[in-house]
>>> print(open('entry_31.txt').read())   # compact mmCIF, C-alpha atoms
# COMPACT_ATOMS: atom_id res chain seq x y z
CA MET A 237 -47.41 -3.53 -13.88
CA ASN A 238 -46.01 -7.00 -14.45
CA ALA A 239 -44.31 -8.61 -11.44
CA GLU A 240 -40.80 -8.67 -12.94
CA LEU A 241 -40.92 -5.00 -13.89
CA LYS A 242 -42.45 -4.04 -10.54
CA LYS A 243 -39.53 -5.77 -8.79
CA SER A 244 -37.04 -3.99 -11.07
CA VAL A 245 -38.62 -0.57 -10.41
CA HIS A 246 -38.64 -1.29 -6.67
CA GLU A 247 -34.96 -2.30 -6.74
CA GLU A 248 -33.92 0.79 -8.72
CA PHE A 249 -36.07 3.37 -6.95
CA GLY A 250 -36.77 1.78 -3.57
CA SER A 251 -40.53 1.94 -4.13
CA THR A 252 -43.33 1.03 -6.50
CA ASN A 253 -45.34 4.07 -5.39
CA TYR A 254 -45.75 6.12 -8.59
CA GLU A 255 -45.35 9.46 -6.81
CA LYS A 256 -42.03 8.43 -5.25
CA VAL A 257 -40.85 6.80 -8.46
CA PHE A 258 -41.81 9.84 -10.55
CA SER A 259 -40.02 12.15 -8.12
CA ARG A 260 -36.81 10.09 -8.39
CA ILE A 261 -37.11 9.82 -12.18
CA TYR A 262 -37.63 13.57 -12.41
CA ASN A 263 -34.64 14.38 -10.19
CA GLU A 264 -32.32 11.94 -11.95
CA TYR A 265 -33.34 12.26 -15.60
CA PHE A 266 -35.01 15.63 -16.17
CA PRO A 267 -31.67 17.53 -16.33
CA MET A 268 -30.48 15.50 -19.33
CA VAL A 269 -33.80 15.98 -21.15
CA GLU A 270 -33.72 19.69 -20.38
CA LYS A 271 -30.14 19.97 -21.68
CA PHE A 272 -31.14 18.21 -24.91
CA VAL A 273 -34.17 20.46 -25.44
CA LEU A 274 -32.21 23.64 -24.67
CA ILE A 275 -29.44 22.67 -27.11
CA ASN A 276 -32.07 22.01 -29.78
CA SER A 277 -33.77 25.44 -29.77
CA GLY A 278 -36.14 24.88 -26.86
CA ASN A 279 -36.59 26.36 -23.42
CA THR A 280 -37.10 25.04 -19.90
CA PHE A 281 -40.88 25.15 -20.28
CA ASP A 282 -40.60 23.01 -23.43
CA ALA A 283 -38.32 20.59 -21.59
CA LYS A 284 -40.80 20.20 -18.72
CA ASP A 285 -43.60 19.60 -21.20
CA ILE A 286 -41.57 16.99 -23.10
CA PHE A 287 -40.48 15.29 -19.87
CA GLN A 288 -44.07 15.09 -18.66
CA GLU A 289 -45.17 13.49 -21.94
CA THR A 290 -42.19 11.14 -21.73
CA THR A 291 -43.10 9.93 -18.24
CA ILE A 292 -46.74 9.46 -19.24
CA ILE A 293 -45.62 7.18 -22.07
CA LEU A 294 -43.28 5.35 -19.68
CA PHE A 295 -45.98 4.77 -17.06
CA LYS A 296 -48.43 3.57 -19.72
CA LYS A 297 -45.80 1.10 -20.90
CA LEU A 298 -45.17 -0.04 -17.32
CA GLU A 299 -48.85 -0.97 -17.01
CA ASP A 300 -48.61 -3.28 -20.04
CA ASP A 301 -47.89 -6.83 -18.85
CA ASN A 302 -46.21 -7.63 -22.18
CA PHE A 303 -43.77 -4.71 -21.99
CA LYS A 304 -40.14 -5.60 -21.31
CA LEU A 305 -37.59 -2.87 -20.77
CA THR A 306 -34.61 -4.08 -22.83
CA ALA A 307 -32.41 -1.04 -22.33
CA ARG A 308 -31.43 1.14 -19.43
CA LEU A 309 -34.21 3.38 -18.19
CA LYS A 310 -32.09 6.44 -19.01
CA THR A 311 -31.75 5.31 -22.63
CA TYR A 312 -35.43 4.53 -22.97
CA LEU A 313 -36.48 7.90 -21.51
CA MET A 314 -34.07 9.83 -23.74
CA ALA A 315 -35.27 7.98 -26.83
CA ILE A 316 -38.86 8.91 -26.04
CA ALA A 317 -37.96 12.52 -25.19
CA LYS A 318 -35.88 13.01 -28.34
CA ASN A 319 -38.60 11.66 -30.57
CA LEU A 320 -41.24 13.81 -28.86
CA TRP A 321 -39.05 16.90 -29.21
CA TYR A 322 -38.28 16.24 -32.88
CA LYS A 323 -41.98 15.71 -33.53
CA LYS A 324 -42.83 18.97 -31.76
CA ILE A 325 -40.23 20.87 -33.80
CA ARG A 326 -41.40 19.29 -37.03
CA ASP A 327 -45.04 20.05 -36.24
CA LYS A 328 -44.24 23.70 -35.50
CA LYS A 329 -41.78 23.93 -38.42
CA GLU A 330 -39.44 25.91 -36.16
CA PHE A 331 -36.34 24.08 -37.19
CA ALA A 332 -35.33 24.56 -40.83
CA GLY A 333 -33.50 21.65 -42.36
CA LEU A 334 -34.69 19.04 -39.86
CA GLU A 335 -34.82 15.68 -41.56
CA ASP A 336 -38.26 14.51 -42.49
CA TYR A 337 -38.84 11.63 -40.11
CA THR A 338 -40.75 8.90 -41.87
CA HIS A 339 -40.34 6.22 -39.25
CA ASP A 340 -43.04 5.48 -36.77
CA PHE A 341 -42.36 6.95 -33.31
CA TYR A 342 -42.04 3.60 -31.55
CA GLU A 343 -39.97 2.14 -34.36
CA ASP A 344 -37.40 4.89 -33.79
CA ILE A 345 -37.30 4.09 -30.09
CA ASP A 346 -36.84 0.39 -30.83
CA LEU A 347 -33.97 1.13 -33.24
CA TYR A 348 -32.29 3.37 -30.67
CA ILE A 349 -32.57 0.66 -28.02
CA GLU A 350 -31.30 -2.04 -30.39
CA LYS A 351 -28.27 0.11 -31.21
CA GLU A 352 -27.51 0.56 -27.52
CA LYS A 353 -27.95 -3.17 -26.87
CA SER A 354 -25.54 -3.90 -29.72
CA ASN A 355 -22.99 -1.45 -28.30
CA PHE A 356 -23.44 -2.91 -24.83
CA GLU A 357 -22.88 -6.45 -26.15
CA LYS A 358 -19.71 -5.25 -27.92
CA LEU A 359 -18.50 -3.66 -24.69
CA LEU A 360 -19.09 -6.87 -22.75
CA PHE A 361 -17.17 -8.81 -25.40
CA LEU A 362 -14.26 -6.33 -25.23
CA MET A 363 -14.24 -6.44 -21.44
CA GLY A 364 -13.60 -10.16 -21.72
CA LYS A 365 -10.48 -9.38 -23.76
CA VAL A 366 -8.79 -7.07 -21.20
CA SER A 367 -6.95 -8.08 -18.05
CA LYS A 368 -9.01 -9.48 -15.19
CA HIS A 369 -7.95 -6.53 -13.02
CA CYS A 370 -9.17 -3.99 -15.60
CA ASN A 371 -12.36 -5.94 -16.15
CA GLN A 372 -13.10 -5.73 -12.42
CA ILE A 373 -12.28 -2.02 -12.19
CA ILE A 374 -14.40 -1.11 -15.24
CA ASN A 375 -17.26 -3.23 -13.92
CA ASP A 376 -17.05 -1.58 -10.49
CA ILE A 377 -16.86 1.97 -11.80
CA PHE A 378 -19.33 1.89 -14.68
CA PHE A 379 -21.77 -0.89 -13.85
CA LYS A 380 -21.80 -0.89 -10.07
CA THR A 381 -21.16 2.90 -10.00
CA ILE A 382 -18.60 2.65 -7.23
CA SER A 383 -16.87 5.97 -6.59
CA ILE A 384 -13.21 6.49 -7.40
CA GLU A 385 -12.55 6.93 -3.66
CA GLU A 386 -14.03 3.48 -2.97
CA ILE A 387 -11.98 2.05 -5.86
CA GLN A 388 -8.87 3.55 -4.27
CA GLN A 389 -9.71 1.94 -0.94
CA ASN A 390 -10.92 -1.42 -2.32
CA TYR A 391 -7.91 -1.92 -4.61
CA GLY A 392 -5.31 -0.47 -2.26
CA TYR A 393 -4.23 2.51 -4.37
CA THR A 394 -2.20 5.06 -2.42
CA SER A 395 -4.06 8.05 -3.87
CA LYS A 396 -7.17 9.01 -5.77
CA HIS A 397 -4.90 10.09 -8.61
CA ASN A 398 -3.41 6.57 -8.87
CA ALA A 399 -6.91 5.05 -8.98
CA GLN A 400 -7.93 7.47 -11.75
CA ASN A 401 -4.77 6.66 -13.71
CA GLN A 402 -5.57 2.95 -13.48
CA LYS A 403 -9.13 3.63 -14.62
CA HIS A 404 -7.81 5.48 -17.67
CA LYS A 405 -5.30 2.71 -18.43
CA CYS A 406 -8.13 0.18 -18.32
CA ILE A 407 -10.29 2.30 -20.62
CA LYS A 408 -7.32 2.55 -22.97
CA GLN A 409 -7.00 -1.27 -22.93
CA ILE A 410 -10.63 -1.55 -24.03
CA LYS A 411 -10.15 1.08 -26.74
CA ASN A 412 -7.08 -0.73 -28.08
CA LYS A 413 -8.96 -4.05 -28.13
CA LYS A 414 -11.83 -2.32 -29.93
CA ILE A 415 -9.47 -1.06 -32.63
CA LYS A 416 -7.96 -4.55 -33.07
CA VAL A 417 -11.34 -6.30 -33.21
CA TYR A 418 -13.61 -3.79 -34.96
CA GLY A 419 -11.13 -1.62 -36.81
>>> encode(input="entry_31.txt", output="structure tokens")
Amino acid sequence: MNAELKKSVHEEFGSTNYEKVFSRIYNEYFPMVEKFVLINSGNTFDAKDIFQETTIILFKKLEDDNFKLTARLKTYLMAIAKNLWYKKIRDKKEFAGLEDYTHDFYEDIDLYIEKEKSNFEKLLFLMGKVSKHCNQIINDIFFKTISIEEIQQNYGYTSKHNAQNQKHKCIKQIKNKKIKVYG
């Protein structure tokens, strides 16, 4: 694992021990993969199988010194899982009407990541267009994942309800700026 990625994994999961990291990844990300598989005509066994294949691909990529994770881990894992699930469905021909995927597996993942990066860059641009106060609140809630209770305390709101209202007003500011800028 390259040194930069090893540091990143250690910071996110508190360890570079694969067993501990896998356990945390499983606990945090398996439910979303399972939900996706269940919604798309699978079962829990299928979801576990897909998640295992997904983590194997992830750990192989982590061993590659040239690999750079350019999206959030959650996004990368879901891209892999979705592509594996679609491939499994296509191979079994269980899902009538599924588009015939002609793109290479990794190309699809790269496109998914690029789309998210583009959306993230747009969000950062829009955050620069809202009030400083809203920029700080949005950053604290969505990027630093500070709870609404901590937001209430840190910003001096008298109730949790007031903090939530301010959060929604700030989100509305971003949405209005998005409409003005991007239509």
>>> atom_distance(input="entry_31.txt", atom1="atom CA of Gln288 of chain A", atom2="atom CA of Phe379 of chain A")
27.9 Å
>>> closest_residue(input="entry_31.txt", among="A:Lys351, A:Lys328, A:Lys403, A:Lys310", to="Asp376 of chain A", atoms="all atoms listed in the file")
A:Lys403
>>> closest_residue(input="entry_31.txt", among="A:Tyr348, A:Phe356, A:Tyr391, A:Tyr322", to="Cys370 of chain A", atoms="all atoms listed in the file")
A:Tyr391
>>> residues_around(input="entry_31.txt", residues="His397 of chain A", least_positions_apart="3", cutoff="10 Å", atoms="all atoms listed in the file", output="ChimeraX atom specification")
/A:384-385,388,393-394,400-403
>>> atom_distance(input="entry_31.txt", atom1="atom CA of Glu299 of chain A", atom2="atom CA of Leu320 of chain A")
20.4 Å
>>> atom_distance(input="entry_31.txt", atom1="atom CA of Val269 of chain A", atom2="atom CA of Leu313 of chain A")
8.5 Å
>>> closest_residue(input="entry_31.txt", among="A:Lys304, A:Val273, A:Gly392, A:Ile349", to="Ala317 of chain A", atoms="all atoms listed in the file")
A:Val273
>>> closest_residue(input="entry_31.txt", among="A:Phe378, A:Ile345, A:Ile325, A:Leu360", to="Thr311 of chain A", atoms="only C-alpha atoms")
A:Ile345
>>> closest_residue(input="entry_31.txt", among="A:Val417, A:Ile293, A:Ile387, A:Glu357", to="Ile374 of chain A", atoms="all atoms listed in the file")
A:Ile387
>>> closest_residue(input="entry_31.txt", among="A:Ala399, A:Leu359, A:Leu294, A:Ile377", to="Lys411 of chain A", atoms="only C-alpha atoms")
A:Leu359
>>> residues_around(input="entry_31.txt", residues="Phe287 of chain A", least_positions_apart="5", cutoff="12 Å", atoms="all atoms listed in the file", output="PyMOL selection string")
chain A and resi 258+261-273+280-282+292-294+313-321
>>> closest_atom_pairs(input="entry_31.txt", of="segment 278-381 of chain A", to="segment 404-407 of chain A", cutoff="9 Å", atoms="all atoms listed in the file", output="tab-separated table")
residue	atom	partner	partner_atom	distance
A:Val366	CA	A:Cys406	CA	7.8
A:Ser367	CA	A:Cys406	CA	8.3
A:His369	CA	A:Cys406	CA	8.6
A:Cys370	CA	A:Cys406	CA	5.1
A:Asn371	CA	A:Cys406	CA	7.7
A:Ile373	CA	A:Cys406	CA	7.7
A:Ile374	CA	A:Cys406	CA	7.1
